[in-house]
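See below for input_38.pdb, which holds PDB, C-alpha atoms.
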```
ATOM      1  CA  MET A  98       5.345 211.651  44.874  1.00  0.00           C
ATOM      2  CA  SER A  99       3.910 213.858  42.148  1.00  0.00           C
ATOM      3  CA  GLU A 100       3.638 217.633  41.913  1.00  0.00           C
ATOM      4  CA  TYR A 101       0.680 219.281  40.184  1.00  0.00           C
ATOM      5  CA  THR A 102      -0.085 222.871  39.274  1.00  0.00           C
ATOM      6  CA  LEU A 103      -3.743 223.793  39.711  1.00  0.00           C
ATOM      7  CA  GLN A 104      -5.745 226.813  38.621  1.00  0.00           C
ATOM      8  CA  PHE A 105      -9.034 227.897  40.152  1.00  0.00           C
ATOM      9  CA  GLU A 106     -10.973 230.429  38.083  1.00  0.00           C
ATOM     10  CA  LEU A 107     -12.699 233.035  40.258  1.00  0.00           C
ATOM     11  CA  GLU A 108     -16.085 234.662  40.067  1.00  0.00           C
ATOM     12  CA  GLU A 109     -16.053 238.454  39.863  1.00  0.00           C
ATOM     13  CA  GLY A 110     -15.928 240.428  43.092  1.00  0.00           C
ATOM     14  CA  VAL A 111     -14.517 237.739  45.394  1.00  0.00           C
ATOM     15  CA  ASP A 112     -11.725 238.342  47.903  1.00  0.00           C
ATOM     16  CA  ALA A 113      -8.928 236.515  46.067  1.00  0.00           C
ATOM     17  CA  ASP A 114      -6.458 236.691  48.976  1.00  0.00           C
ATOM     18  CA  ALA A 115      -8.913 235.173  51.451  1.00  0.00           C
ATOM     19  CA  LEU A 116      -9.972 232.504  48.955  1.00  0.00           C
ATOM     20  CA  ALA A 117      -6.323 231.616  48.224  1.00  0.00           C
ATOM     21  CA  ALA A 118      -5.646 231.184  51.943  1.00  0.00           C
ATOM     22  CA  GLU A 119      -8.709 228.948  52.307  1.00  0.00           C
ATOM     23  CA  ILE A 120      -7.762 226.858  49.269  1.00  0.00           C
ATOM     24  CA  GLN A 121      -4.219 226.408  50.599  1.00  0.00           C
ATOM     25  CA  GLN A 122      -5.540 225.375  54.009  1.00  0.00           C
ATOM     26  CA  ARG A 123      -8.063 222.932  52.539  1.00  0.00           C
ATOM     27  CA  LEU A 124      -5.570 221.406  50.104  1.00  0.00           C
ATOM     28  CA  ALA A 125      -3.048 220.902  52.914  1.00  0.00           C
ATOM     29  CA  ALA A 126      -5.730 219.061  54.906  1.00  0.00           C
ATOM     30  CA  VAL A 127      -6.424 216.535  52.119  1.00  0.00           C
ATOM     31  CA  ASP A 128      -5.197 213.045  52.966  1.00  0.00           C
ATOM     32  CA  GLY A 129      -2.143 212.284  50.830  1.00  0.00           C
ATOM     33  CA  VAL A 130      -1.150 215.894  50.152  1.00  0.00           C
ATOM     34  CA  GLU A 131       2.431 216.398  51.267  1.00  0.00           C
ATOM     35  CA  ASP A 132       2.671 220.137  50.504  1.00  0.00           C
ATOM     36  CA  ALA A 133       0.281 222.830  49.220  1.00  0.00           C
ATOM     37  CA  ASP A 134       0.610 226.473  48.211  1.00  0.00           C
ATOM     38  CA  ALA A 135      -1.891 228.921  46.657  1.00  0.00           C
ATOM     39  CA  GLU A 136      -1.773 232.550  45.543  1.00  0.00           C
ATOM     40  CA  PRO A 137      -4.017 234.881  43.535  1.00  0.00           C
ATOM     41  CA  MET A 138      -2.936 235.981  40.068  1.00  0.00           C
ATOM     42  CA  GLU A 139      -4.295 237.011  36.694  1.00  0.00           C
ATOM     43  CA  LEU A 140      -4.163 234.819  33.615  1.00  0.00           C
ATOM     44  CA  ARG A 141      -4.074 236.566  30.244  1.00  0.00           C
ATOM     45  CA  PHE A 142      -5.729 235.073  27.154  1.00  0.00           C
ATOM     46  CA  GLY A 143      -4.753 237.071  24.090  1.00  0.00           C
ATOM     47  CA  VAL A 144      -4.665 240.852  24.214  1.00  0.00           C
ATOM     48  CA  ALA A 145      -7.995 241.743  25.800  1.00  0.00           C
ATOM     49  CA  GLU A 146      -9.099 238.907  28.081  1.00  0.00           C
ATOM     50  CA  THR A 147      -7.811 238.644  31.637  1.00  0.00           C
ATOM     51  CA  VAL A 148      -9.148 236.073  34.085  1.00  0.00           C
ATOM     52  CA  ALA A 149      -8.665 236.189  37.856  1.00  0.00           C
ATOM     53  CA  ILE A 150      -7.390 232.862  39.157  1.00  0.00           C
ATOM     54  CA  ILE A 151      -5.762 231.291  42.146  1.00  0.00           C
ATOM     55  CA  ALA A 152      -2.719 229.278  41.174  1.00  0.00           C
ATOM     56  CA  ALA A 153      -1.898 226.425  43.495  1.00  0.00           C
ATOM     57  CA  SER A 154       0.668 223.685  43.606  1.00  0.00           C
ATOM     58  CA  VAL A 155       0.378 220.435  45.474  1.00  0.00           C
ATOM     59  CA  VAL A 156       2.716 217.550  46.111  1.00  0.00           C
ATOM     60  CA  ILE A 157       0.792 214.328  46.555  1.00  0.00           C
ATOM     61  CA  ILE A 158       1.593 210.799  47.588  1.00  0.00           C
ATOM     62  CA  LYS A 159      -1.600 209.256  46.198  1.00  0.00           C
ATOM     63  CA  SER A 160      -3.161 208.722  42.780  1.00  0.00           C
ATOM     64  CA  THR A 161      -4.159 211.474  40.372  1.00  0.00           C
ATOM     65  CA  ARG A 162      -7.745 210.175  40.357  1.00  0.00           C
ATOM     66  CA  GLU A 163      -8.026 210.562  44.144  1.00  0.00           C
ATOM     67  CA  LEU A 164      -6.653 214.120  43.911  1.00  0.00           C
ATOM     68  CA  VAL A 165      -9.137 215.012  41.142  1.00  0.00           C
ATOM     69  CA  ASP A 166     -12.031 213.618  43.201  1.00  0.00           C
ATOM     70  CA  GLU A 167     -10.928 215.706  46.193  1.00  0.00           C
ATOM     71  CA  LEU A 168     -10.583 218.820  44.013  1.00  0.00           C
ATOM     72  CA  LYS A 169     -14.081 218.401  42.570  1.00  0.00           C
ATOM     73  CA  GLY A 170     -15.474 218.286  46.113  1.00  0.00           C
ATOM     74  CA  LEU A 171     -13.450 221.359  47.072  1.00  0.00           C
ATOM     75  CA  VAL A 172     -14.745 223.385  44.097  1.00  0.00           C
ATOM     76  CA  GLU A 173     -18.348 222.336  44.755  1.00  0.00           C
ATOM     77  CA  SER A 174     -18.150 223.273  48.433  1.00  0.00           C
ATOM     78  CA  MET A 175     -16.523 226.722  48.065  1.00  0.00           C
ATOM     79  CA  SER A 176     -18.336 229.809  46.847  1.00  0.00           C
ATOM     80  CA  GLY A 177     -16.462 232.148  44.540  1.00  0.00           C
ATOM     81  CA  LEU A 178     -14.908 229.453  42.340  1.00  0.00           C
ATOM     82  CA  LYS A 179     -16.106 229.027  38.757  1.00  0.00           C
ATOM     83  CA  GLU A 180     -13.912 226.219  37.440  1.00  0.00           C
ATOM     84  CA  ALA A 181     -10.740 224.317  38.298  1.00  0.00           C
ATOM     85  CA  TYR A 182      -7.968 223.123  36.011  1.00  0.00           C
ATOM     86  CA  VAL A 183      -4.925 220.866  36.330  1.00  0.00           C
ATOM     87  CA  GLU A 184      -1.824 221.553  34.296  1.00  0.00           C
ATOM     88  CA  LEU A 185      -0.843 218.307  32.568  1.00  0.00           C
ATOM     89  CA  ARG A 186       1.983 218.087  30.039  1.00  0.00           C
ATOM     90  CA  GLY A 187       1.899 221.866  29.620  1.00  0.00           C
ATOM     91  CA  GLU A 188      -1.847 221.957  28.911  1.00  0.00           C
ATOM     92  CA  ARG A 189      -4.578 223.530  31.076  1.00  0.00           C
ATOM     93  CA  VAL A 190      -7.098 220.662  31.475  1.00  0.00           C
ATOM     94  CA  PRO A 191     -10.527 221.095  33.133  1.00  0.00           C
ATOM     95  CA  LEU A 192     -11.003 218.742  36.107  1.00  0.00           C
ATOM     96  CA  ASP A 193     -13.848 216.862  34.437  1.00  0.00           C
ATOM     97  CA  GLN A 194     -11.546 215.960  31.533  1.00  0.00           C
ATOM     98  CA  VAL A 195      -8.657 214.576  33.615  1.00  0.00           C
ATOM     99  CA  THR A 196      -8.180 210.838  33.207  1.00  0.00           C
ATOM    100  CA  ASP A 197      -5.874 208.334  34.890  1.00  0.00           C
ATOM    101  CA  GLU A 198      -3.681 208.177  31.769  1.00  0.00           C
TER     102      GLU A 198
END
```
As a first step, turn the structure in this file into structure tokens.
Amino acid sequence: MSEYTLQFELEEGVDADALAAEIQQRLAAVDGVEDADAEPMELRFGVAETVAIIAASVVIIKSTRELVDELKGLVESMSGLKEAYVELRGERVPLDQVTDE
């Protein structure tokens, strides 16, 4: 089993609580996901820039590549999401840059 921290960057004006609940529900329904949680928060970059995100954690019993493929489909199918990231080795990595290594 592996645990991953995910971040979904939100478009302006979306209902973050409702979107977090939907993301949690959809992540929990993914084959191979053992546990999922999601909650809205703000991420601060420097002094002036704040970005609304939904932070999620998942525990999976399948490969990272399969999880990334599922996440790409989730982001494409949900309105209100701009980008998704996976935290790997302390770095915030965009989904399209995640490799099997």
Original post:
atom CA of A:Asp132 and atom CA of A:Ile157, how far apart in Å?
Top reply: 7.3 Å
**OP:** Within 8 Å of stretch 187-194 of chain A, counting all atoms listed in the file, which residues show up once you throw out same-chain ones fewer than 5 positions away? Write them as an MDAnalysis selection string, please.
**Re:** chainID A and resid 165 168:169 180:182
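Of the listed residues (A:Glu184, A:Glu163, A:Glu106, A:Glu173), A:Glu163 comes nearest to A:Gly129; the distances count all atoms listed in the file.
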**OP:** With the file shown as input, list the residues that the PyMOL selection byres ((chain A and resi 161) around 9) selects, as a list in words.
**Re:** Ser99, Ile157, Lys159, Ser160, Arg162, Glu163, Leu164, Val165, Asp166, Val195, Thr196 and Asp197 of chain A
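Among the candidates A:Gly170, A:Gly143, A:Ala153, A:Gln104, the one nearest to A:Gln122 when counting only C-alpha atoms is A:Ala153.
Around A:Arg123, within 12 Å and counting all atoms listed in the file, the residues found are A:Leu116, A:Ala117, A:Ala118, A:Glu119, A:Val127, A:Asp128, A:Val130, A:Asp132, A:Ala133, A:Asp134, A:Ala135, A:Ala153, A:Val155, A:Glu167, A:Leu168, A:Gly170, A:Leu171, A:Val172, A:Ser174, A:Met175, once anything fewer than 4 positions away on its own chain is removed.
Counting only C-alpha atoms, the residue from A:Leu107, A:Val148, A:Ile120, A:Ala113 that sits nearest to A:Lys179 is A:Leu107.
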**OP:** For atom CA of A:Leu103 and atom CA of A:Ile151, quote the distance in Å rounded to one decimal.
**Re:** 8.1 Å
Original post:
For the atom pair atom CA of A:Thr147 and atom CA of A:Ala125, what is the interatomic distance in Å to one decimal place?
Top reply: 28.1 Å
Per-axis box centre and lengths in Å around stretch 146-152 of chain A, 6 Å margin per side, axis-aligned, as JSON:
```
{"center_x": -5.9, "center_y": 234.1, "center_z": 35.1, "size_x": 18.4, "size_y": 21.6, "size_z": 26.1}
```
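When only C-alpha atoms are used to measure the gap to A:Met138, the shortest distance among A:Phe105, A:Leu124, A:Leu185, A:Met98 belongs to A:Phe105.
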